[in-house]
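Heads up, the thing below is written out as C-alpha cells.
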Amino acid sequence: MCTNDKGGFVPPDASKLVARCPACKAFNPAKNTKCKKCGAEMKQQT
Ligand SMILES: [Zn+2]
C-alpha cells in the first residue's frame, strides 16, 4: 500500500518524513540536502 523512497506516491501522513523540492515538487527524504531529481537545494526544516 504505502511506498517509501522507492515509490512514487507518498501519503500525506508521511509529509513529516519527506521534503518537497521547491523547484520540481519531487519528494525527497527529509534528510536530503539536495533534490535527488533535479539537484536543487532543499530547505532544511529543523
Ligand atoms: Zn527537485
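Letters A, B, ... mark the chains of the C-alpha cells in the order given; residue numbers begin at 1 per chain; ligand numbers begin at 1, in order shown.
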Expected selection as a JSON list (two decimals) with C-alpha atoms, in the first residue's frame for ligand 1 within 9 Å, only C-alpha atoms and all ligand atoms:
[["chain", "number", "residue", "atom", "x", "y", "z"],
["A", 20, "ARG", "CA", 9.31, 18.50, -1.20],
["A", 21, "CYS", "CA", 11.60, 20.10, -3.70],
["A", 22, "PRO", "CA", 10.70, 23.77, -4.21],
["A", 23, "ALA", "CA", 11.90, 23.56, -7.77],
["A", 24, "CYS", "CA", 10.37, 20.39, -9.22],
["A", 25, "LYS", "CA", 7.98, 19.38, -6.42],
["A", 26, "ALA", "CA", 9.58, 15.97, -6.17],
["A", 27, "PHE", "CA", 9.51, 14.20, -2.85],
["A", 28, "ASN", "CA", 12.82, 13.59, -1.19],
["A", 34, "LYS", "CA", 19.69, 18.38, -2.36],
["A", 35, "CYS", "CA", 16.88, 17.14, -4.55],
["A", 36, "LYS", "CA", 17.65, 13.70, -5.89],
["A", 37, "LYS", "CA", 15.75, 14.50, -9.02],
["A", 38, "CYS", "CA", 16.87, 17.94, -10.14],
["A", 39, "GLY", "CA", 19.69, 18.69, -7.71],
["A", 40, "ALA", "CA", 18.17, 21.84, -6.31],
["A", 41, "GLU", "CA", 18.97, 22.67, -2.72],
["A", 42, "MET", "CA", 16.40, 21.52, -0.24]]
